[in-house]
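Student: start37.txt (compact mmCIF, N, CA and C atoms and all ligand atoms) pasted underneath:
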```txt
# COMPACT_ATOMS: atom_id res chain seq x y z
N MET A 241 19.17 4.07 -204.96
CA MET A 241 18.64 4.98 -203.93
C MET A 241 19.80 5.73 -203.28
N MET A 242 19.58 7.00 -202.95
CA MET A 242 20.64 7.79 -202.32
C MET A 242 20.94 7.26 -200.93
N PRO A 243 22.22 7.31 -200.50
CA PRO A 243 22.57 6.84 -199.16
C PRO A 243 21.75 7.58 -198.11
N GLY A 244 21.27 6.84 -197.13
CA GLY A 244 20.56 7.47 -196.03
C GLY A 244 19.09 7.74 -196.31
N ARG A 245 18.64 7.41 -197.50
CA ARG A 245 17.24 7.71 -197.82
C ARG A 245 16.35 6.48 -197.74
N GLU A 246 16.95 5.35 -197.33
CA GLU A 246 16.20 4.10 -197.37
C GLU A 246 14.95 4.15 -196.51
N GLY A 247 15.01 4.93 -195.41
CA GLY A 247 13.89 4.95 -194.48
C GLY A 247 12.78 5.89 -194.90
N LEU A 248 13.01 6.68 -195.92
CA LEU A 248 11.99 7.66 -196.30
C LEU A 248 10.89 7.02 -197.14
N VAL A 249 9.66 7.30 -196.75
CA VAL A 249 8.52 6.80 -197.50
C VAL A 249 7.70 8.00 -197.95
N ALA A 250 7.40 8.06 -199.21
CA ALA A 250 6.59 9.17 -199.70
C ALA A 250 5.17 9.04 -199.15
N ILE A 251 4.68 10.10 -198.51
CA ILE A 251 3.32 10.08 -197.97
C ILE A 251 2.38 10.69 -199.00
N ASN A 252 1.32 9.97 -199.26
CA ASN A 252 0.31 10.46 -200.18
C ASN A 252 -0.53 11.52 -199.46
N VAL A 253 -0.48 12.74 -199.95
CA VAL A 253 -1.20 13.83 -199.28
C VAL A 253 -2.43 14.21 -200.09
N VAL A 254 -3.58 14.17 -199.40
CA VAL A 254 -4.83 14.63 -199.98
C VAL A 254 -5.23 15.90 -199.23
N VAL A 255 -5.61 16.94 -199.96
CA VAL A 255 -6.03 18.19 -199.32
C VAL A 255 -7.53 18.37 -199.54
N GLY A 256 -8.18 18.92 -198.52
CA GLY A 256 -9.63 19.12 -198.60
C GLY A 256 -9.99 20.52 -198.11
N ALA A 257 -11.00 21.11 -198.73
CA ALA A 257 -11.44 22.46 -198.34
C ALA A 257 -12.78 22.38 -197.63
N ALA A 258 -12.81 22.91 -196.40
CA ALA A 258 -14.07 23.08 -195.68
C ALA A 258 -14.57 24.47 -196.04
N ILE A 259 -15.32 24.55 -197.14
CA ILE A 259 -15.79 25.84 -197.64
C ILE A 259 -17.01 26.26 -196.85
N ILE A 260 -16.93 27.46 -196.28
CA ILE A 260 -17.98 27.96 -195.40
C ILE A 260 -18.57 29.22 -195.99
N SER A 261 -19.89 29.28 -195.99
CA SER A 261 -20.58 30.49 -196.46
C SER A 261 -21.89 30.62 -195.70
N GLY A 262 -22.15 31.79 -195.19
CA GLY A 262 -23.41 32.02 -194.48
C GLY A 262 -23.61 31.05 -193.33
N GLY A 263 -22.54 30.66 -192.66
CA GLY A 263 -22.64 29.75 -191.51
C GLY A 263 -22.90 28.30 -191.88
N ARG A 264 -22.71 27.97 -193.16
CA ARG A 264 -22.92 26.58 -193.59
C ARG A 264 -21.68 26.02 -194.26
N LEU A 265 -21.56 24.70 -194.18
CA LEU A 265 -20.40 23.98 -194.72
C LEU A 265 -20.79 23.29 -196.03
N LEU A 266 -19.94 23.41 -197.03
CA LEU A 266 -20.20 22.76 -198.32
C LEU A 266 -19.68 21.32 -198.30
N ALA A 267 -20.58 20.38 -198.55
CA ALA A 267 -20.19 18.97 -198.68
C ALA A 267 -20.43 18.53 -200.12
N ALA A 268 -19.57 17.65 -200.62
CA ALA A 268 -19.64 17.22 -202.02
C ALA A 268 -19.69 15.70 -202.07
N GLN A 269 -20.58 15.19 -202.94
CA GLN A 269 -20.78 13.74 -203.02
C GLN A 269 -19.94 13.16 -204.15
N ARG A 270 -19.09 12.20 -203.80
CA ARG A 270 -18.16 11.62 -204.79
C ARG A 270 -18.90 10.83 -205.87
N ALA A 271 -18.38 10.95 -207.08
CA ALA A 271 -18.94 10.22 -208.22
C ALA A 271 -18.16 8.95 -208.52
N GLU A 272 -16.91 8.89 -208.09
CA GLU A 272 -16.05 7.74 -208.39
C GLU A 272 -14.90 7.70 -207.39
N PRO A 273 -14.16 6.59 -207.28
CA PRO A 273 -14.40 5.29 -207.91
C PRO A 273 -15.62 4.60 -207.28
N PRO A 274 -16.06 3.48 -207.88
CA PRO A 274 -17.30 2.84 -207.40
C PRO A 274 -17.34 2.60 -205.90
N GLU A 275 -16.20 2.25 -205.30
CA GLU A 275 -16.22 1.92 -203.87
C GLU A 275 -16.39 3.16 -202.99
N LEU A 276 -16.16 4.36 -203.55
CA LEU A 276 -16.34 5.60 -202.78
C LEU A 276 -17.53 6.41 -203.27
N ALA A 277 -18.08 6.06 -204.42
CA ALA A 277 -19.17 6.84 -205.01
C ALA A 277 -20.36 6.88 -204.06
N GLY A 278 -20.94 8.08 -203.93
CA GLY A 278 -22.08 8.25 -203.04
C GLY A 278 -21.67 8.79 -201.68
N GLY A 279 -20.40 8.59 -201.31
CA GLY A 279 -19.90 9.14 -200.05
C GLY A 279 -19.65 10.64 -200.19
N TRP A 280 -19.70 11.32 -199.05
CA TRP A 280 -19.54 12.78 -199.05
C TRP A 280 -18.16 13.17 -198.53
N GLU A 281 -17.64 14.26 -199.08
CA GLU A 281 -16.27 14.63 -198.78
C GLU A 281 -16.10 16.14 -198.84
N PHE A 282 -14.88 16.58 -198.50
CA PHE A 282 -14.48 17.97 -198.74
C PHE A 282 -13.92 18.05 -200.15
N PRO A 283 -14.35 19.04 -200.93
CA PRO A 283 -13.75 19.20 -202.25
C PRO A 283 -12.22 19.28 -202.11
N GLY A 284 -11.51 18.70 -203.07
CA GLY A 284 -10.05 18.70 -202.98
C GLY A 284 -9.50 17.54 -203.76
N GLY A 285 -8.30 17.10 -203.41
CA GLY A 285 -7.70 15.97 -204.10
C GLY A 285 -6.24 15.85 -203.77
N LYS A 286 -5.56 15.09 -204.59
CA LYS A 286 -4.14 14.80 -204.32
C LYS A 286 -3.25 15.98 -204.71
N VAL A 287 -2.22 16.16 -203.90
CA VAL A 287 -1.24 17.20 -204.18
C VAL A 287 -0.28 16.67 -205.24
N ASP A 288 -0.07 17.45 -206.30
CA ASP A 288 0.86 17.04 -207.36
C ASP A 288 2.30 17.21 -206.89
N PRO A 289 3.24 16.43 -207.47
CA PRO A 289 4.65 16.59 -207.12
C PRO A 289 5.10 18.04 -207.36
N GLY A 290 5.80 18.61 -206.39
CA GLY A 290 6.32 19.97 -206.54
C GLY A 290 5.31 21.06 -206.28
N GLU A 291 4.08 20.68 -205.97
CA GLU A 291 3.01 21.65 -205.73
C GLU A 291 2.83 21.82 -204.22
N SER A 292 2.54 23.03 -203.77
CA SER A 292 2.25 23.20 -202.34
C SER A 292 0.84 22.70 -202.04
N ASP A 293 0.60 22.35 -200.79
CA ASP A 293 -0.73 21.90 -200.38
C ASP A 293 -1.77 22.97 -200.71
N GLU A 294 -1.43 24.20 -200.39
CA GLU A 294 -2.39 25.29 -200.57
C GLU A 294 -2.72 25.51 -202.04
N ASP A 295 -1.68 25.48 -202.89
CA ASP A 295 -1.92 25.66 -204.33
C ASP A 295 -2.78 24.52 -204.87
N ALA A 296 -2.52 23.30 -204.41
CA ALA A 296 -3.28 22.15 -204.87
C ALA A 296 -4.76 22.31 -204.51
N LEU A 297 -5.01 22.80 -203.32
CA LEU A 297 -6.39 22.93 -202.86
C LEU A 297 -7.15 24.00 -203.67
N VAL A 298 -6.50 25.11 -203.93
CA VAL A 298 -7.12 26.16 -204.74
C VAL A 298 -7.38 25.62 -206.15
N ARG A 299 -6.41 24.92 -206.71
CA ARG A 299 -6.54 24.35 -208.07
C ARG A 299 -7.70 23.35 -208.12
N GLU A 300 -7.73 22.42 -207.18
CA GLU A 300 -8.76 21.38 -207.18
C GLU A 300 -10.16 21.98 -207.05
N CYS A 301 -10.31 23.00 -206.21
CA CYS A 301 -11.64 23.58 -206.02
C CYS A 301 -12.08 24.32 -207.27
N HIS A 302 -11.13 24.88 -208.00
CA HIS A 302 -11.49 25.52 -209.27
C HIS A 302 -11.92 24.46 -210.28
N GLU A 303 -11.17 23.35 -210.34
CA GLU A 303 -11.50 22.28 -211.29
C GLU A 303 -12.84 21.63 -210.97
N GLU A 304 -13.07 21.39 -209.67
CA GLU A 304 -14.24 20.59 -209.27
C GLU A 304 -15.52 21.41 -209.11
N LEU A 305 -15.36 22.68 -208.72
CA LEU A 305 -16.53 23.49 -208.37
C LEU A 305 -16.68 24.74 -209.23
N GLY A 306 -15.62 25.11 -209.92
CA GLY A 306 -15.65 26.33 -210.73
C GLY A 306 -15.60 27.60 -209.90
N VAL A 307 -15.06 27.51 -208.69
CA VAL A 307 -14.96 28.72 -207.85
C VAL A 307 -13.52 29.02 -207.49
N LYS A 308 -13.30 30.30 -207.12
CA LYS A 308 -12.03 30.68 -206.51
C LYS A 308 -12.24 30.68 -205.01
N ILE A 309 -11.27 30.13 -204.29
CA ILE A 309 -11.38 30.14 -202.82
C ILE A 309 -10.15 30.79 -202.21
N ALA A 310 -10.34 31.29 -200.99
CA ALA A 310 -9.22 31.78 -200.19
C ALA A 310 -9.19 30.95 -198.91
N LEU A 311 -8.02 30.37 -198.63
CA LEU A 311 -7.91 29.50 -197.46
C LEU A 311 -7.85 30.34 -196.19
N ASP A 312 -8.39 29.76 -195.12
CA ASP A 312 -8.41 30.47 -193.85
C ASP A 312 -7.52 29.74 -192.84
N VAL A 313 -8.08 28.80 -192.06
CA VAL A 313 -7.27 28.14 -191.03
C VAL A 313 -7.23 26.63 -191.27
N ARG A 314 -6.15 26.02 -190.83
CA ARG A 314 -5.98 24.57 -190.92
C ARG A 314 -6.77 23.92 -189.78
N ILE A 315 -7.47 22.84 -190.09
CA ILE A 315 -8.22 22.08 -189.08
C ILE A 315 -7.39 20.88 -188.68
N GLY A 316 -6.85 20.92 -187.46
CA GLY A 316 -6.04 19.81 -186.98
C GLY A 316 -4.74 19.68 -187.76
N ALA A 317 -4.18 18.47 -187.73
CA ALA A 317 -2.91 18.23 -188.43
C ALA A 317 -3.15 17.23 -189.55
N ASP A 318 -2.43 16.13 -189.56
CA ASP A 318 -2.61 15.12 -190.59
C ASP A 318 -3.66 14.10 -190.13
N TRP A 319 -4.74 14.00 -190.88
CA TRP A 319 -5.80 13.03 -190.55
C TRP A 319 -5.54 11.75 -191.36
N PRO A 320 -5.32 10.61 -190.70
CA PRO A 320 -5.01 9.38 -191.44
C PRO A 320 -6.19 8.88 -192.27
N LEU A 321 -5.90 8.38 -193.46
CA LEU A 321 -6.93 7.79 -194.32
C LEU A 321 -6.76 6.29 -194.35
N SER A 322 -7.89 5.57 -194.35
CA SER A 322 -7.82 4.11 -194.28
C SER A 322 -7.18 3.53 -195.53
N LEU A 323 -7.31 4.24 -196.66
CA LEU A 323 -6.71 3.73 -197.89
C LEU A 323 -5.22 4.06 -197.97
N GLY A 324 -4.69 4.69 -196.93
CA GLY A 324 -3.29 5.12 -196.91
C GLY A 324 -3.21 6.61 -197.18
N GLY A 325 -2.10 7.22 -196.72
CA GLY A 325 -1.93 8.64 -196.89
C GLY A 325 -2.64 9.44 -195.81
N VAL A 326 -2.58 10.74 -195.95
CA VAL A 326 -3.18 11.62 -194.95
C VAL A 326 -4.04 12.68 -195.63
N LEU A 327 -5.02 13.16 -194.87
CA LEU A 327 -5.90 14.23 -195.32
C LEU A 327 -5.55 15.50 -194.54
N ARG A 328 -5.36 16.60 -195.26
CA ARG A 328 -5.10 17.90 -194.63
C ARG A 328 -6.23 18.84 -195.04
N VAL A 329 -6.85 19.48 -194.04
CA VAL A 329 -8.06 20.27 -194.30
C VAL A 329 -7.89 21.71 -193.83
N TRP A 330 -8.34 22.62 -194.68
CA TRP A 330 -8.38 24.05 -194.34
C TRP A 330 -9.81 24.55 -194.47
N THR A 331 -10.21 25.49 -193.61
CA THR A 331 -11.44 26.21 -193.89
C THR A 331 -11.14 27.20 -195.01
N ALA A 332 -12.19 27.56 -195.73
CA ALA A 332 -12.00 28.45 -196.87
C ALA A 332 -13.27 29.22 -197.14
N GLY A 333 -13.11 30.37 -197.77
CA GLY A 333 -14.25 31.15 -198.23
C GLY A 333 -14.19 31.26 -199.74
N ILE A 334 -15.35 31.48 -200.35
CA ILE A 334 -15.42 31.65 -201.80
C ILE A 334 -15.19 33.13 -202.13
N THR A 335 -14.24 33.38 -203.03
CA THR A 335 -13.97 34.77 -203.42
C THR A 335 -14.52 35.09 -204.80
N ALA A 336 -14.86 34.08 -205.58
CA ALA A 336 -15.48 34.32 -206.89
C ALA A 336 -16.21 33.07 -207.35
N GLY A 337 -17.41 33.27 -207.86
CA GLY A 337 -18.16 32.17 -208.45
C GLY A 337 -19.15 31.54 -207.49
N GLU A 338 -19.93 30.64 -208.04
CA GLU A 338 -20.96 29.89 -207.31
C GLU A 338 -20.65 28.42 -207.53
N PRO A 339 -20.52 27.61 -206.44
CA PRO A 339 -20.09 26.22 -206.63
C PRO A 339 -21.06 25.41 -207.48
N ARG A 340 -20.52 24.66 -208.41
CA ARG A 340 -21.30 23.73 -209.24
C ARG A 340 -20.65 22.35 -209.14
N ALA A 341 -21.46 21.31 -209.24
CA ALA A 341 -20.95 19.94 -209.14
C ALA A 341 -20.40 19.51 -210.50
N LEU A 342 -19.20 20.00 -210.82
CA LEU A 342 -18.61 19.69 -212.13
C LEU A 342 -18.06 18.27 -212.17
N GLU A 343 -17.64 17.75 -211.00
CA GLU A 343 -17.08 16.40 -210.95
C GLU A 343 -17.74 15.54 -209.87
N HIS A 344 -18.66 16.14 -209.12
CA HIS A 344 -19.34 15.41 -208.04
C HIS A 344 -20.77 15.08 -208.47
N LEU A 345 -21.40 14.17 -207.71
CA LEU A 345 -22.80 13.84 -207.98
C LEU A 345 -23.73 14.94 -207.50
N ALA A 346 -23.36 15.56 -206.38
CA ALA A 346 -24.22 16.58 -205.78
C ALA A 346 -23.41 17.41 -204.80
N LEU A 347 -23.95 18.59 -204.49
CA LEU A 347 -23.37 19.46 -203.46
C LEU A 347 -24.47 19.76 -202.44
N ARG A 348 -24.06 19.93 -201.19
CA ARG A 348 -25.03 20.35 -200.17
C ARG A 348 -24.39 21.32 -199.20
N TRP A 349 -25.15 22.35 -198.83
CA TRP A 349 -24.71 23.27 -197.78
C TRP A 349 -25.31 22.80 -196.46
N LEU A 350 -24.46 22.50 -195.48
CA LEU A 350 -24.92 21.94 -194.21
C LEU A 350 -24.81 22.98 -193.10
N GLY A 351 -25.95 23.26 -192.46
CA GLY A 351 -25.94 24.14 -191.29
C GLY A 351 -25.41 23.39 -190.08
N PRO A 352 -25.22 24.10 -188.95
CA PRO A 352 -24.65 23.47 -187.74
C PRO A 352 -25.40 22.23 -187.29
N ASP A 353 -26.71 22.20 -187.49
CA ASP A 353 -27.51 21.05 -187.05
C ASP A 353 -27.60 19.96 -188.11
N GLU A 354 -26.97 20.17 -189.24
CA GLU A 354 -27.08 19.22 -190.35
C GLU A 354 -25.76 18.56 -190.71
N LEU A 355 -24.74 18.79 -189.87
CA LEU A 355 -23.39 18.37 -190.25
C LEU A 355 -23.28 16.88 -190.51
N TYR A 356 -24.14 16.10 -189.84
CA TYR A 356 -24.05 14.65 -190.01
C TYR A 356 -25.23 14.10 -190.82
N ASP A 357 -25.89 14.97 -191.57
CA ASP A 357 -27.01 14.53 -192.41
C ASP A 357 -26.55 13.82 -193.67
N VAL A 358 -25.28 13.90 -193.98
CA VAL A 358 -24.75 13.19 -195.14
C VAL A 358 -23.79 12.10 -194.67
N GLU A 359 -23.61 11.11 -195.53
CA GLU A 359 -22.71 10.00 -195.19
C GLU A 359 -21.28 10.36 -195.59
N TRP A 360 -20.55 10.94 -194.63
CA TRP A 360 -19.16 11.34 -194.89
C TRP A 360 -18.28 10.12 -195.14
N LEU A 361 -17.26 10.27 -195.97
CA LEU A 361 -16.23 9.23 -196.07
C LEU A 361 -15.67 9.03 -194.66
N PRO A 362 -15.33 7.77 -194.31
CA PRO A 362 -14.94 7.48 -192.92
C PRO A 362 -13.82 8.39 -192.40
N GLY A 363 -12.84 8.69 -193.24
CA GLY A 363 -11.71 9.50 -192.80
C GLY A 363 -12.08 10.94 -192.51
N ASP A 364 -13.21 11.38 -193.04
CA ASP A 364 -13.62 12.77 -192.86
C ASP A 364 -14.39 13.00 -191.56
N LEU A 365 -14.98 11.93 -191.03
CA LEU A 365 -15.87 12.08 -189.88
C LEU A 365 -15.23 12.82 -188.70
N PRO A 366 -14.01 12.45 -188.30
CA PRO A 366 -13.43 13.16 -187.16
C PRO A 366 -13.11 14.62 -187.46
N VAL A 367 -12.96 14.96 -188.72
CA VAL A 367 -12.61 16.33 -189.09
C VAL A 367 -13.83 17.24 -188.95
N VAL A 368 -15.01 16.68 -189.24
CA VAL A 368 -16.22 17.49 -189.32
C VAL A 368 -16.48 18.24 -188.01
N GLU A 369 -16.27 17.56 -186.88
CA GLU A 369 -16.54 18.21 -185.60
C GLU A 369 -15.63 19.43 -185.40
N GLY A 370 -14.42 19.34 -185.92
CA GLY A 370 -13.47 20.44 -185.77
C GLY A 370 -13.86 21.67 -186.56
N ILE A 371 -14.80 21.51 -187.48
CA ILE A 371 -15.20 22.64 -188.32
C ILE A 371 -16.32 23.43 -187.68
N ARG A 372 -17.10 22.77 -186.84
CA ARG A 372 -18.28 23.40 -186.24
C ARG A 372 -17.98 24.78 -185.64
N PRO A 373 -16.90 24.93 -184.85
CA PRO A 373 -16.66 26.25 -184.25
C PRO A 373 -16.42 27.35 -185.29
N HIS A 374 -16.08 26.96 -186.50
CA HIS A 374 -15.78 27.96 -187.53
C HIS A 374 -17.01 28.36 -188.35
N LEU A 375 -18.12 27.66 -188.11
CA LEU A 375 -19.30 27.94 -188.94
C LEU A 375 -19.90 29.31 -188.64
N LEU A 376 -19.99 29.64 -187.36
CA LEU A 376 -20.57 30.93 -187.03
C LEU A 376 -19.45 31.90 -186.71
N GLY A 377 -19.43 32.97 -187.45
CA GLY A 377 -18.38 33.96 -187.25
C GLY A 377 -17.08 33.58 -187.91
N GLY A 378 -17.08 32.44 -188.64
CA GLY A 378 -15.85 32.00 -189.31
C GLY A 378 -15.77 32.54 -190.71
N ALA A 379 -14.92 31.92 -191.51
CA ALA A 379 -14.69 32.40 -192.87
C ALA A 379 -15.99 32.47 -193.63
N GLY A 380 -16.30 33.63 -194.13
CA GLY A 380 -17.50 33.78 -194.95
C GLY A 380 -18.79 33.63 -194.16
N GLY A 381 -18.66 33.38 -192.83
CA GLY A 381 -19.85 33.13 -192.04
C GLY A 381 -20.55 34.43 -191.69
N1 LIG B 401 -10.91 15.11 -202.13
C1 LIG B 401 -11.08 14.39 -201.03
N2 LIG B 401 -10.62 13.11 -200.99
C2 LIG B 401 -10.82 12.41 -199.86
C3 LIG B 401 -11.48 12.98 -198.74
N3 LIG B 401 -11.55 12.04 -197.76
C4 LIG B 401 -10.97 10.92 -198.25
O1 LIG B 401 -10.85 9.84 -197.68
N4 LIG B 401 -10.51 11.16 -199.52
C5 LIG B 401 -9.82 10.17 -200.36
C6 LIG B 401 -10.61 9.73 -201.54
C7 LIG B 401 -9.54 9.40 -202.55
O2 LIG B 401 -9.08 8.09 -202.28
C8 LIG B 401 -8.43 10.39 -202.22
C9 LIG B 401 -8.50 11.64 -203.05
O3 LIG B 401 -8.38 11.30 -204.37
P1 LIG B 401 -9.03 12.14 -205.55
O4 LIG B 401 -9.50 11.16 -206.56
O5 LIG B 401 -10.05 13.11 -205.03
O6 LIG B 401 -7.78 12.93 -206.05
P2 LIG B 401 -7.62 13.72 -207.40
O7 LIG B 401 -8.78 14.69 -207.53
O8 LIG B 401 -6.25 14.28 -207.36
O9 LIG B 401 -7.85 12.64 -208.54
P3 LIG B 401 -6.90 11.64 -209.31
O10 LIG B 401 -5.80 12.47 -209.88
O11 LIG B 401 -6.44 10.60 -208.37
O12 LIG B 401 -7.84 11.09 -210.34
O13 LIG B 401 -8.62 10.75 -200.85
C10 LIG B 401 -11.95 14.31 -198.81
O14 LIG B 401 -12.55 14.86 -197.86
N5 LIG B 401 -11.73 14.98 -199.97
```
Let me see the file written as structure tokens.
Tutor:
Amino acid sequence: MMPGREGLVAINVVVGAAIISGGRLLAAQRAEPPELAGGWEFPGGKVDPGESDEDALVRECHEELGVKIALDVRIGADWPLSLGGVLRVWTAGITAGEPRALEHLALRWLGPDELYDVEWLPGDLPVVEGIRPHLLGGAGG
């Protein structure tokens, strides 16, 4: 190990997109692993080594949903995940395509009164409230 680097710990960064269209938020239901399957999340995933958070999020949304997105604003800072690591979330709009559940069990568009109608992964719950102000008049809204 390089001198002086002993205290550094690599943080596992997961990025998530709060995709908004027509005043509604896109939620995606996880298919795996078994302990998370059925829970709802923001489309996204782990940032690859050497990749920026933003590039990772655009890449993941293309892989998972088949859409192109443009990021808008960051919601909060680093949201801690119980499994370790942090979740970083941006609002986003769709610039091309129609979302399909290519890797998820299902997709749902949630209006302002439906934000808690799905069972969010525990780490996502505090983030959801921060998205509400962006639903009306926000990205793609
Ligand atoms: N994508 C996403 N993952 C979340 C959210 N909330 C949350 O706790 N997670 C957790 C679930 C997973 O443990 C981890 C993300 O892993 P992932 O499996 O989606 O990452 P990935 O697409 O890069 O897949 P892999 O390379 O590990 O197979 O973060 C969320 O809103 N979106």
Student: How would you report the residues lying within 6.5 Å of ligand LIG 401 (chain B), as a list in words, if you count all atoms listed in the file?
Tutor: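 Written in the requested form, the residues are Val254, Val255, Gly256, Ala257, Glu272, Trp280, Glu281, Phe282, Pro283, Gly284, Gly285, Lys286, Val287, Leu321, Ser322, Leu361, Pro362, Gly363 and Asp364 of chain A.
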Student: By how many Å are atom CA of Trp349 of chain A and atom CA of Gly325 of chain A apart?
Tutor: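 Pair atom CA of Trp349 of chain A / atom CA of Gly325 of chain A returns 27.1 Å.
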Student: As a tab-separated table (two decimals) with N, CA and C atoms, in the frame of the given file, please: every residue in segment 275-323 of chain A that a backbone DSSP assignment puts in alpha helix (DSSP H).
Tutor:
```tsv
chain	number	residue	atom	x	y	z
A	293	ASP	N	0.60	22.35	-200.79
A	293	ASP	CA	-0.73	21.90	-200.38
A	293	ASP	C	-1.77	22.97	-200.71
A	294	GLU	N	-1.43	24.20	-200.39
A	294	GLU	CA	-2.39	25.29	-200.57
A	294	GLU	C	-2.72	25.51	-202.04
A	295	ASP	N	-1.68	25.48	-202.89
A	295	ASP	CA	-1.92	25.66	-204.33
A	295	ASP	C	-2.78	24.52	-204.87
A	296	ALA	N	-2.52	23.30	-204.41
A	296	ALA	CA	-3.28	22.15	-204.87
A	296	ALA	C	-4.76	22.31	-204.51
A	297	LEU	N	-5.01	22.80	-203.32
A	297	LEU	CA	-6.39	22.93	-202.86
A	297	LEU	C	-7.15	24.00	-203.67
A	298	VAL	N	-6.50	25.11	-203.93
A	298	VAL	CA	-7.12	26.16	-204.74
A	298	VAL	C	-7.38	25.62	-206.15
A	299	ARG	N	-6.41	24.92	-206.71
A	299	ARG	CA	-6.54	24.35	-208.07
A	299	ARG	C	-7.70	23.35	-208.12
A	300	GLU	N	-7.73	22.42	-207.18
A	300	GLU	CA	-8.76	21.38	-207.18
A	300	GLU	C	-10.16	21.98	-207.05
A	301	CYS	N	-10.31	23.00	-206.21
A	301	CYS	CA	-11.64	23.58	-206.02
A	301	CYS	C	-12.08	24.32	-207.27
A	302	HIS	N	-11.13	24.88	-208.00
A	302	HIS	CA	-11.49	25.52	-209.27
A	302	HIS	C	-11.92	24.46	-210.28
A	303	GLU	N	-11.17	23.35	-210.34
A	303	GLU	CA	-11.50	22.28	-211.29
A	303	GLU	C	-12.84	21.63	-210.97
A	304	GLU	N	-13.07	21.39	-209.67
A	304	GLU	CA	-14.24	20.59	-209.27
A	304	GLU	C	-15.52	21.41	-209.11
A	305	LEU	N	-15.36	22.68	-208.72
A	305	LEU	CA	-16.53	23.49	-208.37
A	305	LEU	C	-16.68	24.74	-209.23
```
Student: Here is a test: counting only N, CA and C atoms, which residue of A:Val358, A:Ile260, A:Val313, A:Val253 is nearest to Ile334 of chain A?
Tutor: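 Among the listed residues, the smallest separation from Ile334 of chain A belongs to A:Ile260.
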Student: Assign secondary structure with DSSP using the backbone only, and return the residues of segment 245-325 of chain A in strand (DSSP E or B) as a compact mmCIF listing (two decimals) with N, CA and C atoms, keeping the file's coordinate frame.
Tutor:
```txt
# COMPACT_ATOMS: atom_id res chain seq x y z
N VAL A 253 -0.48 12.74 -199.95
CA VAL A 253 -1.20 13.83 -199.28
C VAL A 253 -2.43 14.21 -200.09
N VAL A 254 -3.58 14.17 -199.40
CA VAL A 254 -4.83 14.63 -199.98
C VAL A 254 -5.23 15.90 -199.23
N VAL A 255 -5.61 16.94 -199.96
CA VAL A 255 -6.03 18.19 -199.32
C VAL A 255 -7.53 18.37 -199.54
N GLY A 256 -8.18 18.92 -198.52
CA GLY A 256 -9.63 19.12 -198.60
C GLY A 256 -9.99 20.52 -198.11
N ALA A 257 -11.00 21.11 -198.73
CA ALA A 257 -11.44 22.46 -198.34
C ALA A 257 -12.78 22.38 -197.63
N ALA A 258 -12.81 22.91 -196.40
CA ALA A 258 -14.07 23.08 -195.68
C ALA A 258 -14.57 24.47 -196.04
N ILE A 259 -15.32 24.55 -197.14
CA ILE A 259 -15.79 25.84 -197.64
C ILE A 259 -17.01 26.26 -196.85
N ILE A 260 -16.93 27.46 -196.28
CA ILE A 260 -17.98 27.96 -195.40
C ILE A 260 -18.57 29.22 -195.99
N SER A 261 -19.89 29.28 -195.99
CA SER A 261 -20.58 30.49 -196.46
C SER A 261 -21.89 30.62 -195.70
N ARG A 264 -22.71 27.97 -193.16
CA ARG A 264 -22.92 26.58 -193.59
C ARG A 264 -21.68 26.02 -194.26
N LEU A 265 -21.56 24.70 -194.18
CA LEU A 265 -20.40 23.98 -194.72
C LEU A 265 -20.79 23.29 -196.03
N LEU A 266 -19.94 23.41 -197.03
CA LEU A 266 -20.20 22.76 -198.32
C LEU A 266 -19.68 21.32 -198.30
N ALA A 267 -20.58 20.38 -198.55
CA ALA A 267 -20.19 18.97 -198.68
C ALA A 267 -20.43 18.53 -200.12
N ALA A 268 -19.57 17.65 -200.62
CA ALA A 268 -19.64 17.22 -202.02
C ALA A 268 -19.69 15.70 -202.07
N GLN A 269 -20.58 15.19 -202.94
CA GLN A 269 -20.78 13.74 -203.02
C GLN A 269 -19.94 13.16 -204.15
N TRP A 280 -19.70 11.32 -199.05
CA TRP A 280 -19.54 12.78 -199.05
C TRP A 280 -18.16 13.17 -198.53
N GLU A 281 -17.64 14.26 -199.08
CA GLU A 281 -16.27 14.63 -198.78
C GLU A 281 -16.10 16.14 -198.84
N GLY A 284 -11.51 18.70 -203.07
CA GLY A 284 -10.05 18.70 -202.98
C GLY A 284 -9.50 17.54 -203.76
N GLY A 285 -8.30 17.10 -203.41
CA GLY A 285 -7.70 15.97 -204.10
C GLY A 285 -6.24 15.85 -203.77
N LYS A 286 -5.56 15.09 -204.59
CA LYS A 286 -4.14 14.80 -204.32
C LYS A 286 -3.25 15.98 -204.71
N LYS A 308 -13.30 30.30 -207.12
CA LYS A 308 -12.03 30.68 -206.51
C LYS A 308 -12.24 30.68 -205.01
N ILE A 309 -11.27 30.13 -204.29
CA ILE A 309 -11.38 30.14 -202.82
C ILE A 309 -10.15 30.79 -202.21
N ALA A 310 -10.34 31.29 -200.99
CA ALA A 310 -9.22 31.78 -200.19
C ALA A 310 -9.19 30.95 -198.91
N LEU A 311 -8.02 30.37 -198.63
CA LEU A 311 -7.91 29.50 -197.46
C LEU A 311 -7.85 30.34 -196.19
N ASP A 312 -8.39 29.76 -195.12
CA ASP A 312 -8.41 30.47 -193.85
C ASP A 312 -7.52 29.74 -192.84
N VAL A 313 -8.08 28.80 -192.06
CA VAL A 313 -7.27 28.14 -191.03
C VAL A 313 -7.23 26.63 -191.27
N ARG A 314 -6.15 26.02 -190.83
CA ARG A 314 -5.98 24.57 -190.92
C ARG A 314 -6.77 23.92 -189.78
N ILE A 315 -7.47 22.84 -190.09
CA ILE A 315 -8.22 22.08 -189.08
C ILE A 315 -7.39 20.88 -188.68
N GLY A 316 -6.85 20.92 -187.46
CA GLY A 316 -6.04 19.81 -186.98
C GLY A 316 -4.74 19.68 -187.76
N ALA A 317 -4.18 18.47 -187.73
CA ALA A 317 -2.91 18.23 -188.43
C ALA A 317 -3.15 17.23 -189.55
N ASP A 318 -2.43 16.13 -189.56
CA ASP A 318 -2.61 15.12 -190.59
C ASP A 318 -3.66 14.10 -190.13
N TRP A 319 -4.74 14.00 -190.88
CA TRP A 319 -5.80 13.03 -190.55
C TRP A 319 -5.54 11.75 -191.36
N PRO A 320 -5.32 10.61 -190.70
CA PRO A 320 -5.01 9.38 -191.44
C PRO A 320 -6.19 8.88 -192.27
```
